[in-house]
file coords_31.cif (mmCIF, C-alpha atoms)
data_my_file
#
loop_
_atom_site.label_atom_id
_atom_site.label_comp_id
_atom_site.auth_asym_id
_atom_site.auth_seq_id
_atom_site.Cartn_x
_atom_site.Cartn_y
_atom_site.Cartn_z
CA MET A 1 -22.89 -4.82 -6.83
CA VAL A 2 -21.00 -4.18 -3.63
CA SER A 3 -22.42 -5.82 -0.52
CA LEU A 4 -23.63 -3.04 1.75
CA ASP A 5 -23.57 -4.65 5.18
CA ARG A 6 -24.46 -1.97 7.72
CA ARG A 7 -22.04 -3.06 10.43
CA GLU A 8 -19.26 -3.16 7.90
CA LEU A 9 -20.08 0.31 6.57
CA ALA A 10 -20.34 1.72 10.09
CA ALA A 11 -16.94 0.25 10.92
CA ILE A 12 -15.38 1.73 7.78
CA PHE A 13 -16.94 5.11 8.55
CA LEU A 14 -15.69 5.11 12.14
CA GLY A 15 -12.19 3.97 11.18
CA GLY A 16 -12.12 6.52 8.39
CA ALA A 17 -13.20 9.32 10.71
CA LEU A 18 -10.48 8.45 13.22
CA GLY A 19 -7.80 8.11 10.57
CA ALA A 20 -8.73 11.46 9.06
CA LEU A 21 -8.82 13.18 12.45
CA LEU A 22 -5.37 11.92 13.36
CA ARG A 23 -3.89 12.87 10.01
CA VAL A 24 -5.42 16.37 10.01
CA TRP A 25 -4.40 16.93 13.62
CA LEU A 26 -0.79 15.96 12.91
CA GLY A 27 -0.79 18.27 9.90
CA GLU A 28 -2.06 21.15 12.00
CA GLU A 29 0.43 20.47 14.79
CA PHE A 30 3.50 20.11 12.58
CA THR A 31 3.06 22.36 9.55
CA GLY A 32 6.00 22.53 7.18
CA ALA A 33 7.05 24.98 4.45
CA ALA A 34 5.88 24.42 0.89
CA ALA A 35 8.20 22.35 -1.36
CA SER A 36 10.30 21.22 1.62
CA TRP A 37 10.46 17.61 2.84
CA PRO A 38 6.91 16.72 3.92
CA TRP A 39 7.76 15.06 7.23
CA VAL A 40 4.15 14.76 8.35
CA THR A 41 2.83 13.02 5.23
CA PHE A 42 5.93 10.87 5.04
CA SER A 43 5.70 9.75 8.69
CA ILE A 44 1.98 9.11 8.41
CA ASN A 45 2.31 7.03 5.26
CA ILE A 46 5.13 4.90 6.67
CA THR A 47 3.57 4.28 10.08
CA GLY A 48 0.21 3.70 8.44
CA SER A 49 1.74 1.16 6.07
CA PHE A 50 3.29 -0.69 9.00
CA ALA A 51 -0.06 -0.69 10.76
CA LEU A 52 -1.86 -1.97 7.69
CA GLY A 53 0.69 -4.70 7.12
CA TYR A 54 0.19 -5.74 10.72
CA PHE A 55 -3.61 -5.60 10.76
CA ALA A 56 -4.16 -7.10 7.33
CA THR A 57 -1.87 -10.05 7.96
CA ARG A 58 -3.09 -10.70 11.47
CA LEU A 59 -6.75 -10.46 10.57
CA GLN A 60 -6.36 -12.56 7.46
CA GLU A 61 -4.00 -15.22 8.77
CA ARG A 62 -4.13 -15.26 12.56
CA LEU A 63 -7.48 -14.27 13.98
CA PRO A 64 -10.96 -15.71 13.36
CA GLN A 65 -13.00 -13.90 10.72
CA SER A 66 -14.87 -10.89 12.01
CA THR A 67 -17.47 -8.58 10.48
CA TYR A 68 -15.99 -5.36 11.72
CA ARG A 69 -12.29 -5.61 12.58
CA ARG A 70 -10.89 -5.41 9.08
CA PRO A 71 -13.26 -2.69 7.84
CA LEU A 72 -12.54 -0.66 10.99
CA LEU A 73 -8.78 -1.04 11.20
CA ALA A 74 -7.61 -1.69 7.66
CA THR A 75 -10.06 -0.17 5.17
CA GLY A 76 -11.26 2.47 7.59
CA PHE A 77 -8.39 3.62 9.74
CA CYS A 78 -5.24 2.80 7.78
CA GLY A 79 -6.84 3.65 4.45
CA ALA A 80 -7.96 7.07 5.66
CA TYR A 81 -4.93 7.78 7.83
CA THR A 82 -2.53 7.34 4.93
CA THR A 83 -2.91 9.41 1.78
CA PHE A 84 -1.82 9.18 -1.85
CA SER A 85 -3.32 12.43 -3.13
CA THR A 86 -1.47 14.68 -0.68
CA MET A 87 1.81 12.99 -1.58
CA GLN A 88 1.26 13.52 -5.31
CA VAL A 89 0.46 17.22 -4.91
CA GLU A 90 3.51 17.62 -2.68
CA ILE A 91 5.67 16.07 -5.39
CA LEU A 92 4.02 18.34 -7.96
CA LYS A 93 4.84 21.42 -5.89
CA MET A 94 8.46 20.32 -5.59
CA ILE A 95 8.63 20.00 -9.37
CA GLU A 96 7.01 23.42 -9.78
CA HIS A 97 9.72 24.86 -7.53
CA ASP A 98 12.35 23.14 -9.71
CA ARG A 99 13.35 20.88 -6.81
CA TYR A 100 13.62 17.76 -8.92
CA GLY A 101 16.10 15.97 -6.67
CA LEU A 102 13.84 16.49 -3.70
CA ALA A 103 10.83 15.21 -5.63
CA ILE A 104 12.63 12.04 -6.69
CA ALA A 105 14.07 11.49 -3.21
CA TYR A 106 10.68 11.96 -1.56
CA ALA A 107 8.89 9.60 -3.96
CA ALA A 108 11.61 6.96 -3.74
CA ALA A 109 11.96 7.16 0.04
CA SER A 110 8.20 6.98 0.56
CA ILE A 111 7.83 3.93 -1.64
CA ALA A 112 10.92 2.15 -0.30
CA ALA A 113 10.03 2.80 3.34
CA GLY A 114 6.36 2.09 2.81
CA TYR A 115 7.00 -1.19 1.05
CA LEU A 116 9.56 -2.18 3.69
CA ALA A 117 7.08 -1.34 6.46
CA ILE A 118 4.50 -3.68 4.92
CA TRP A 119 7.10 -6.39 4.53
CA VAL A 120 8.45 -6.13 8.09
CA ALA A 121 4.98 -5.97 9.68
CA THR A 122 3.83 -8.96 7.66
CA ALA A 123 6.91 -11.00 8.52
CA THR A 124 6.58 -10.08 12.19
CA VAL A 125 2.98 -11.32 12.38
CA ARG A 126 3.81 -14.55 10.61
CA ARG A 127 6.65 -15.34 12.99
CA THR A 128 4.32 -15.53 15.99
CA ARG A 129 3.46 -19.16 16.52
CA VAL A 130 0.60 -18.85 18.97
CA LEU A 131 -2.85 -17.32 18.49
CA VAL A 132 -2.45 -14.16 20.57
CA MET B 1 -9.82 25.40 13.36
CA ASN B 2 -13.06 25.38 15.30
CA VAL B 3 -15.09 22.44 16.58
CA LEU B 4 -17.42 22.51 13.59
CA VAL B 5 -14.53 22.03 11.21
CA TRP B 6 -13.21 19.12 13.28
CA VAL B 7 -16.65 17.48 13.14
CA GLY B 8 -16.55 18.04 9.41
CA VAL B 9 -13.14 16.37 9.21
CA ALA B 10 -14.47 13.31 11.03
CA VAL B 11 -17.61 13.01 8.91
CA LEU B 12 -15.87 13.65 5.60
CA GLY B 13 -13.07 11.32 6.60
CA GLY B 14 -15.63 8.61 7.13
CA ILE B 15 -17.34 9.39 3.86
CA GLY B 16 -14.03 9.32 1.98
CA ALA B 17 -13.30 5.87 3.34
CA ILE B 18 -16.77 4.62 2.42
CA ALA B 19 -16.39 6.05 -1.09
CA ARG B 20 -13.08 4.23 -1.43
CA PHE B 21 -14.68 0.97 -0.30
CA VAL B 22 -17.58 1.32 -2.75
CA VAL B 23 -15.42 2.28 -5.74
CA ASP B 24 -12.93 -0.47 -5.03
CA GLY B 25 -15.66 -3.04 -4.63
CA THR B 26 -17.50 -1.94 -7.76
CA ILE B 27 -14.42 -2.06 -9.93
CA GLY B 28 -13.31 -5.34 -8.41
CA SER B 29 -16.63 -6.99 -9.13
CA ARG B 30 -16.64 -5.83 -12.74
CA VAL B 31 -13.05 -6.24 -13.85
CA SER B 32 -11.12 -9.45 -13.47
CA THR B 33 -7.41 -8.73 -13.14
CA ASN B 34 -4.57 -9.22 -10.66
CA PHE B 35 -3.65 -5.58 -11.08
CA PRO B 36 -5.14 -3.54 -8.19
CA LEU B 37 -7.26 -1.46 -10.54
CA GLY B 38 -9.66 -0.29 -7.83
CA THR B 39 -6.99 1.34 -5.69
CA PHE B 40 -5.34 2.72 -8.81
CA ALA B 41 -8.55 4.38 -10.02
CA ILE B 42 -9.23 5.77 -6.57
CA ASN B 43 -5.74 7.17 -6.08
CA ILE B 44 -5.55 8.72 -9.54
CA SER B 45 -9.00 10.32 -9.36
CA GLY B 46 -8.19 11.66 -5.89
CA ALA B 47 -4.88 13.10 -7.04
CA LEU B 48 -6.61 14.75 -10.01
CA ILE B 49 -9.19 16.47 -7.82
CA LEU B 50 -6.67 17.55 -5.19
CA GLY B 51 -4.52 18.99 -7.99
CA LEU B 52 -7.60 20.86 -9.18
CA LEU B 53 -8.12 22.34 -5.72
CA ALA B 54 -4.47 23.41 -5.65
CA GLY B 55 -4.82 25.02 -9.07
CA LEU B 56 -7.93 26.86 -7.90
CA ALA B 57 -5.88 28.04 -4.90
CA VAL B 58 -8.45 26.69 -2.48
CA GLY B 59 -7.22 27.27 1.04
CA GLY B 60 -8.24 27.50 4.67
CA ASN B 61 -11.04 25.36 6.00
CA ALA B 62 -12.32 24.53 2.53
CA LEU B 63 -9.02 22.87 1.66
CA VAL B 64 -8.91 21.06 5.00
CA LEU B 65 -12.41 19.68 4.55
CA VAL B 66 -12.50 18.82 0.86
CA GLY B 67 -8.82 18.22 0.24
CA THR B 68 -7.20 16.92 3.38
CA ALA B 69 -10.15 15.21 5.03
CA THR B 70 -12.18 13.86 2.11
CA LEU B 71 -9.61 13.25 -0.61
CA GLY B 72 -6.93 12.35 1.91
CA SER B 73 -9.19 9.62 3.28
CA TYR B 74 -10.49 8.59 -0.11
CA THR B 75 -7.01 7.95 -1.46
CA THR B 76 -4.66 5.56 0.28
CA PHE B 77 -0.91 5.03 0.37
CA SER B 78 -0.95 2.00 2.68
CA THR B 79 -3.29 -0.08 0.51
CA TRP B 80 -1.15 0.80 -2.52
CA MET B 81 1.91 -0.57 -0.73
CA LEU B 82 0.14 -3.62 0.69
CA GLU B 83 -1.22 -4.66 -2.68
CA SER B 84 2.19 -4.19 -4.28
CA GLN B 85 3.87 -6.33 -1.62
CA ARG B 86 1.22 -9.04 -1.88
CA LEU B 87 1.68 -9.13 -5.65
CA THR B 88 5.38 -9.73 -5.12
CA GLU B 89 4.56 -12.54 -2.70
CA ASP B 90 2.29 -14.11 -5.30
CA GLY B 91 5.17 -14.12 -7.75
CA GLU B 92 3.82 -11.21 -9.76
CA LEU B 93 6.89 -8.98 -9.64
CA PRO B 94 6.29 -7.21 -12.99
CA LEU B 95 2.77 -6.36 -11.90
CA ALA B 96 4.03 -5.11 -8.54
CA LEU B 97 6.59 -2.84 -10.19
CA LEU B 98 3.97 -1.66 -12.65
CA ASN B 99 1.59 -0.85 -9.82
CA ILE B 100 4.22 1.19 -8.06
CA LEU B 101 5.71 3.05 -11.02
CA VAL B 102 2.54 3.64 -13.03
CA SER B 103 0.60 4.80 -9.96
CA LEU B 104 3.37 7.28 -9.18
CA ALA B 105 3.74 8.58 -12.74
CA VAL B 106 0.03 8.79 -13.53
CA GLY B 107 -0.67 10.13 -10.04
CA VAL B 108 1.68 13.08 -10.42
CA GLY B 109 0.39 13.53 -13.97
CA ALA B 110 -3.19 13.60 -12.75
CA ALA B 111 -2.31 16.14 -10.06
CA ALA B 112 -0.57 18.26 -12.70
CA LEU B 113 -3.56 18.02 -15.03
CA GLY B 114 -5.96 18.95 -12.26
CA HIS B 115 -3.73 21.83 -11.27
CA ALA B 116 -3.57 23.12 -14.85
CA ILE B 117 -7.34 22.95 -15.20
CA GLY B 118 -7.86 24.75 -11.92
CA ALA B 119 -5.27 27.43 -12.64
CA HIS B 120 -6.83 28.27 -15.99
CA ALA B 121 -10.43 28.01 -14.88
#
call {"tool": "encode", "arguments": {"input": "coords_31.cif", "output": "structure tokens"}}
result
Amino acid sequence: MVSLDRRELAAIFLGGALGALLRVWLGEEFTGAAASWPWVTFSINITGSFALGYFATRLQERLPQSTYRRPLLATGFCGAYTTFSTMQVEILKMIEHDRYGLAIAYAAASIAAGYLAIWVATATVRRTRVLV
Amino acid sequence: MNVLVWVGVAVLGGIGAIARFVVDGTIGSRVSTNFPLGTFAINISGALILGLLAGLAVGGNALVLVGTATLGSYTTFSTWMLESQRLTEDGELPLALLNILVSLAVGVGAAALGHAIGAHA
């Protein structure tokens, strides 16, 4: 069974709330047309991947263990800020509008940029030699 | 969007994250594999339900609350990418590629299935 530590759950909840608020706010501020390039989701997923790469690496390999930092920042915030489901439905809508090239480009660009963001953030953290 | 909806976004966003944590932990404790099955199950189930909402033509605040806030927080792109990259680091390149390609294919498929169910409901 999953360990249900209250501080950990509270941290996940808070991080999740903040991540969701930011994502929804950005979506409301910068609404795009259906089946066009989803700039908001794309930007969120890439920046969120960079953030997660940074937090996960730093918390795992640089900072002392903590009860709340990782649940708050990684599981909570980055996990909620970024979204898989929205991306899949966006791709589906592109396909439904017969925009197959756009669908492939969006999927490929998201994955390539997201993966690269993780890689760069991770490498950046590991290059720092002092415990900052 | 009024204040009440924003409060709903925050609460549901938190709940979505908790749900993700619980599902991931439950699957992880029961299945022993290097493949990130927890995140996969979460992302696919979330895509299915969001597809369903799209098929049902749910809109307005209902879509924001259930779709964007809850399912958007429940599913995760960043964890999907992190786990793929870490698999590559651990020398598990086939598994990393599988995680990326299968998640994408099954994810879109799940959204399509959900959409079809909703549209014909």
call {"tool": "interface_residues", "arguments": {"input": "coords_31.cif", "of": "chain B", "to": "chain A", "cutoff": "8 Å", "atoms": "all atoms listed in the file", "output": "MDAnalysis selection string"}}
result
chainID B and resid 6 9:18 21:22 25:26 29 43:44 46:48 50:51 54 64 68:69 71:79 81:82 84:85 100 104 107:108 111:112
call {"tool": "atom_distance", "arguments": {"input": "coords_31.cif", "atom1": "atom CA of B:Leu97", "atom2": "atom CA of A:Thr41"}}
result
22.4 Å
call {"tool": "resolve_selection", "arguments": {"input": "coords_31.cif", "expression": "the PyMOL selection byres ((chain B and resi 53) around 8)", "output": "number ranges by chain"}}
result
B: 49-52, 54-58, 63, 67, 114-115, 118
call {"tool": "write_last_selection", "arguments": {"input": "coords_31.cif", "atoms": "C-alpha atoms", "output": "compact mmCIF listing (two decimals), keeping the file's coordinate frame"}}
result
# COMPACT_ATOMS: atom_id res chain seq x y z
CA ILE B 49 -9.19 16.47 -7.82
CA LEU B 50 -6.67 17.55 -5.19
CA GLY B 51 -4.52 18.99 -7.99
CA LEU B 52 -7.60 20.86 -9.18
CA ALA B 54 -4.47 23.41 -5.65
CA GLY B 55 -4.82 25.02 -9.07
CA LEU B 56 -7.93 26.86 -7.90
CA ALA B 57 -5.88 28.04 -4.90
CA VAL B 58 -8.45 26.69 -2.48
CA LEU B 63 -9.02 22.87 1.66
CA GLY B 67 -8.82 18.22 0.24
CA GLY B 114 -5.96 18.95 -12.26
CA HIS B 115 -3.73 21.83 -11.27
CA GLY B 118 -7.86 24.75 -11.92
call {"tool": "resolve_selection", "arguments": {"input": "coords_31.cif", "expression": "the PyMOL selection byres ((chain A and resi 58) around 12)", "output": "CSV table (one decimal) with C-alpha atoms, in the frame of the given file"}}
result
chain,number,residue,atom,x,y,z
A,51,ALA,CA,-0.1,-0.7,10.8
A,52,LEU,CA,-1.9,-2.0,7.7
A,53,GLY,CA,0.7,-4.7,7.1
A,54,TYR,CA,0.2,-5.7,10.7
A,55,PHE,CA,-3.6,-5.6,10.8
A,56,ALA,CA,-4.2,-7.1,7.3
A,57,THR,CA,-1.9,-10.0,8.0
A,59,LEU,CA,-6.8,-10.5,10.6
A,60,GLN,CA,-6.4,-12.6,7.5
A,61,GLU,CA,-4.0,-15.2,8.8
A,62,ARG,CA,-4.1,-15.3,12.6
A,63,LEU,CA,-7.5,-14.3,14.0
A,64,PRO,CA,-11.0,-15.7,13.4
A,65,GLN,CA,-13.0,-13.9,10.7
A,66,SER,CA,-14.9,-10.9,12.0
A,69,ARG,CA,-12.3,-5.6,12.6
A,70,ARG,CA,-10.9,-5.4,9.1
A,73,LEU,CA,-8.8,-1.0,11.2
A,74,ALA,CA,-7.6,-1.7,7.7
A,121,ALA,CA,5.0,-6.0,9.7
A,122,THR,CA,3.8,-9.0,7.7
A,123,ALA,CA,6.9,-11.0,8.5
A,124,THR,CA,6.6,-10.1,12.2
A,125,VAL,CA,3.0,-11.3,12.4
A,126,ARG,CA,3.8,-14.6,10.6
A,127,ARG,CA,6.6,-15.3,13.0
A,128,THR,CA,4.3,-15.5,16.0
A,129,ARG,CA,3.5,-19.2,16.5
A,130,VAL,CA,0.6,-18.8,19.0
A,131,LEU,CA,-2.8,-17.3,18.5
A,132,VAL,CA,-2.4,-14.2,20.6
call {"tool": "closest_residue", "arguments": {"input": "coords_31.cif", "among": "B:Leu95, B:Leu101, B:Ile42, B:Val31", "to": "B:Glu83", "atoms": "only C-alpha atoms"}}
result
B:Leu95
call {"tool": "atom_distance", "arguments": {"input": "coords_31.cif", "atom1": "atom CA of B:Leu65", "atom2": "atom CA of B:His120"}}
result
23.0 Å
call {"tool": "resolve_selection", "arguments": {"input": "coords_31.cif", "expression": "the PyMOL selection byres ((chain B and resi 36) around 9)", "output": "ChimeraX atom specification"}}
result
/B:24,28,33-35,37-41,80,83-84,99
call {"tool": "atom_distance", "arguments": {"input": "coords_31.cif", "atom1": "atom CA of A:Thr67", "atom2": "atom CA of B:Arg30"}}
result
23.4 Å
